[in-house]
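Q: I am attaching a structure below and will ask some questions about it afterwards.
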Amino acid sequence: MEVLHLEWVDQFKTEVMDFKWVVVLDFWANRCGPCRMLGPVMEELASDNAWKAVKIAKIDIEWMGNEPLVEKFQIASIPAVFILKDGEVIKPIVWVNPKDVYQAEIAALLA
């Protein structure tokens, strides 16, 4: 599975809110050094969870079509990662963390 790059609110609804399992949602920007550091972690999570009921999705906060999502999630600093299950935010995780932190959250929700 590849990381899903969301660019429109309608895409967010179908790919995230209507998905009935776990989504790791990464708010980022290309100009953000820590966001770029987190990118490979998200790629590894996508690969490690390819055959599970998990999606890894990224939202570029600088993309104009994503402004409503930035407001909805009240993004004040990036990177900001949200763990969702069945379209509901379970846990926000701010800043860069090791892959194991995100994987533990995924595993707990799939158990």
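By order of appearance in the structure tokens: chains A, B, ..., then residues from 1 within every chain, and ligands from 1 in the order shown.
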Find the spatial neighbours of A:Ile90, counting only C-alpha atoms, within a cut-off of 12 Å - ignore same-chain residues fewer than 3 positions away - and output them as a PyMOL selection string.
A: chain A and resi 21-25+81-87+93+105-106+108-109
Q: Go through stretch 24-81 of chain A and collect every residue that DSSP, computed from the backbone, puts in helix (DSSP H, G or I); the answer should be as a list in words.
A: Gly33, Pro34, Cys35, Arg36, Met37, Leu38, Gly39, Pro40, Val41, Met42, Glu43, Glu44, Leu45, Ala46, Ser47, Asp48, Met64, Gly65, Asn66, Glu67, Pro68, Leu69, Val70, Glu71 and Lys72 of chain A
Q: If you count only C-alpha atoms, which residues fall within 9 Å of stretch 47-57 of chain A, apart from same-chain ones fewer than 3 positions away, as a PyMOL selection string?
A: chain A and resi 1-6+15-16+19-27+42-44+103+106+110
Q: I need the residue nearest A:Pro79 from this list: A:Val101, A:Ile59, A:Val96, A:Val41. Use only C-alpha atoms for the distance.
A: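 Closest to A:Pro79, using only C-alpha atoms: A:Val96.
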Q: Apply DSSP to the backbone of this structure and, from chain A, keep only the residues in strand (DSSP E or B); write these as a PDB file with N, CA and C atoms, in the first residue's frame.
A:
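states.pdb written:
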```pdb
ATOM      1  N   LEU A   4      -1.459   7.677   0.793  1.00  0.00           N
ATOM      2  CA  LEU A   4      -2.484   8.366   0.020  1.00  0.00           C
ATOM      3  C   LEU A   4      -2.342   9.874   0.235  1.00  0.00           C
ATOM      4  N   HIS A   5      -2.165  10.626  -0.841  1.00  0.00           N
ATOM      5  CA  HIS A   5      -2.061  12.082  -0.743  1.00  0.00           C
ATOM      6  C   HIS A   5      -3.428  12.682  -1.051  1.00  0.00           C
ATOM      7  N   LEU A   6      -4.044  13.262  -0.041  1.00  0.00           N
ATOM      8  CA  LEU A   6      -5.385  13.825  -0.185  1.00  0.00           C
ATOM      9  C   LEU A   6      -5.297  15.284  -0.608  1.00  0.00           C
ATOM     10  N   VAL A  22      -8.836   1.847  10.397  1.00  0.00           N
ATOM     11  CA  VAL A  22      -7.862   2.780  10.959  1.00  0.00           C
ATOM     12  C   VAL A  22      -7.230   3.639   9.863  1.00  0.00           C
ATOM     13  N   VAL A  23      -7.127   4.941  10.153  1.00  0.00           N
ATOM     14  CA  VAL A  23      -6.433   5.875   9.265  1.00  0.00           C
ATOM     15  C   VAL A  23      -5.408   6.639  10.087  1.00  0.00           C
ATOM     16  N   VAL A  24      -4.195   6.712   9.578  1.00  0.00           N
ATOM     17  CA  VAL A  24      -3.169   7.576  10.152  1.00  0.00           C
ATOM     18  C   VAL A  24      -3.098   8.772   9.211  1.00  0.00           C
ATOM     19  N   LEU A  25      -3.452   9.934   9.733  1.00  0.00           N
ATOM     20  CA  LEU A  25      -3.600  11.139   8.925  1.00  0.00           C
ATOM     21  C   LEU A  25      -2.496  12.126   9.291  1.00  0.00           C
ATOM     22  N   ASP A  26      -1.627  12.432   8.346  1.00  0.00           N
ATOM     23  CA  ASP A  26      -0.455  13.280   8.566  1.00  0.00           C
ATOM     24  C   ASP A  26      -0.655  14.624   7.872  1.00  0.00           C
ATOM     25  N   PHE A  27      -0.764  15.696   8.672  1.00  0.00           N
ATOM     26  CA  PHE A  27      -0.815  17.059   8.140  1.00  0.00           C
ATOM     27  C   PHE A  27       0.624  17.552   8.039  1.00  0.00           C
ATOM     28  N   TRP A  28       1.013  18.033   6.855  1.00  0.00           N
ATOM     29  CA  TRP A  28       2.401  18.384   6.606  1.00  0.00           C
ATOM     30  C   TRP A  28       2.503  19.524   5.613  1.00  0.00           C
ATOM     31  N   VAL A  54      -5.843  -0.659   7.242  1.00  0.00           N
ATOM     32  CA  VAL A  54      -5.199   0.595   7.644  1.00  0.00           C
ATOM     33  C   VAL A  54      -4.896   1.418   6.400  1.00  0.00           C
ATOM     34  N   LYS A  55      -5.127   2.729   6.509  1.00  0.00           N
ATOM     35  CA  LYS A  55      -4.710   3.664   5.458  1.00  0.00           C
ATOM     36  C   LYS A  55      -3.780   4.686   6.090  1.00  0.00           C
ATOM     37  N   ILE A  56      -2.758   5.044   5.353  1.00  0.00           N
ATOM     38  CA  ILE A  56      -1.864   6.125   5.742  1.00  0.00           C
ATOM     39  C   ILE A  56      -2.109   7.241   4.735  1.00  0.00           C
ATOM     40  N   ALA A  57      -2.500   8.410   5.234  1.00  0.00           N
ATOM     41  CA  ALA A  57      -2.865   9.518   4.347  1.00  0.00           C
ATOM     42  C   ALA A  57      -2.148  10.794   4.775  1.00  0.00           C
ATOM     43  N   LYS A  58      -1.791  11.600   3.784  1.00  0.00           N
ATOM     44  CA  LYS A  58      -1.123  12.873   4.038  1.00  0.00           C
ATOM     45  C   LYS A  58      -1.973  14.007   3.460  1.00  0.00           C
ATOM     46  N   ILE A  59      -1.985  15.104   4.197  1.00  0.00           N
ATOM     47  CA  ILE A  59      -2.677  16.307   3.749  1.00  0.00           C
ATOM     48  C   ILE A  59      -1.688  17.465   3.790  1.00  0.00           C
ATOM     49  N   ASP A  60      -1.412  18.035   2.623  1.00  0.00           N
ATOM     50  CA  ASP A  60      -0.522  19.190   2.516  1.00  0.00           C
ATOM     51  C   ASP A  60      -1.314  20.427   2.940  1.00  0.00           C
ATOM     52  N   ALA A  80       1.494  17.275  12.265  1.00  0.00           N
ATOM     53  CA  ALA A  80       0.426  16.873  13.177  1.00  0.00           C
ATOM     54  C   ALA A  80      -0.186  15.600  12.609  1.00  0.00           C
ATOM     55  N   VAL A  81      -0.203  14.560  13.411  1.00  0.00           N
ATOM     56  CA  VAL A  81      -0.708  13.265  12.981  1.00  0.00           C
ATOM     57  C   VAL A  81      -1.927  12.916  13.830  1.00  0.00           C
ATOM     58  N   PHE A  82      -2.965  12.448  13.171  1.00  0.00           N
ATOM     59  CA  PHE A  82      -4.180  12.020  13.861  1.00  0.00           C
ATOM     60  C   PHE A  82      -4.428  10.560  13.541  1.00  0.00           C
ATOM     61  N   ILE A  83      -4.738   9.794  14.573  1.00  0.00           N
ATOM     62  CA  ILE A  83      -5.119   8.401  14.401  1.00  0.00           C
ATOM     63  C   ILE A  83      -6.641   8.368  14.459  1.00  0.00           C
ATOM     64  N   LEU A  84      -7.271   7.848  13.416  1.00  0.00           N
ATOM     65  CA  LEU A  84      -8.726   7.758  13.353  1.00  0.00           C
ATOM     66  C   LEU A  84      -9.150   6.305  13.220  1.00  0.00           C
ATOM     67  N   LYS A  85     -10.323   6.011  13.743  1.00  0.00           N
ATOM     68  CA  LYS A  85     -10.938   4.708  13.520  1.00  0.00           C
ATOM     69  C   LYS A  85     -12.409   4.949  13.232  1.00  0.00           C
ATOM     70  N   GLU A  88     -13.548   8.564  13.230  1.00  0.00           N
ATOM     71  CA  GLU A  88     -13.507   9.328  14.478  1.00  0.00           C
ATOM     72  C   GLU A  88     -12.065   9.457  14.965  1.00  0.00           C
ATOM     73  N   VAL A  89     -11.682  10.683  15.363  1.00  0.00           N
ATOM     74  CA  VAL A  89     -10.326  10.899  15.866  1.00  0.00           C
ATOM     75  C   VAL A  89     -10.178  10.183  17.208  1.00  0.00           C
ATOM     76  N   ILE A  90      -9.191   9.303  17.279  1.00  0.00           N
ATOM     77  CA  ILE A  90      -8.901   8.569  18.505  1.00  0.00           C
ATOM     78  C   ILE A  90      -7.783   9.247  19.274  1.00  0.00           C
ATOM     79  N   LYS A  91      -6.753   9.684  18.538  1.00  0.00           N
ATOM     80  CA  LYS A  91      -5.604  10.281  19.207  1.00  0.00           C
ATOM     81  C   LYS A  91      -4.842  11.202  18.269  1.00  0.00           C
ATOM     82  N   PRO A  92      -4.571  12.445  18.715  1.00  0.00           N
ATOM     83  CA  PRO A  92      -3.654  13.307  17.966  1.00  0.00           C
ATOM     84  C   PRO A  92      -2.228  13.078  18.469  1.00  0.00           C
ATOM     85  N   ILE A  93      -1.268  13.120  17.553  1.00  0.00           N
ATOM     86  CA  ILE A  93       0.142  12.989  17.923  1.00  0.00           C
ATOM     87  C   ILE A  93       0.881  14.118  17.226  1.00  0.00           C
ATOM     88  N   VAL A  94       1.416  15.046  18.013  1.00  0.00           N
ATOM     89  CA  VAL A  94       2.090  16.207  17.446  1.00  0.00           C
ATOM     90  C   VAL A  94       3.593  15.967  17.419  1.00  0.00           C
TER      91      VAL A  94
END
```
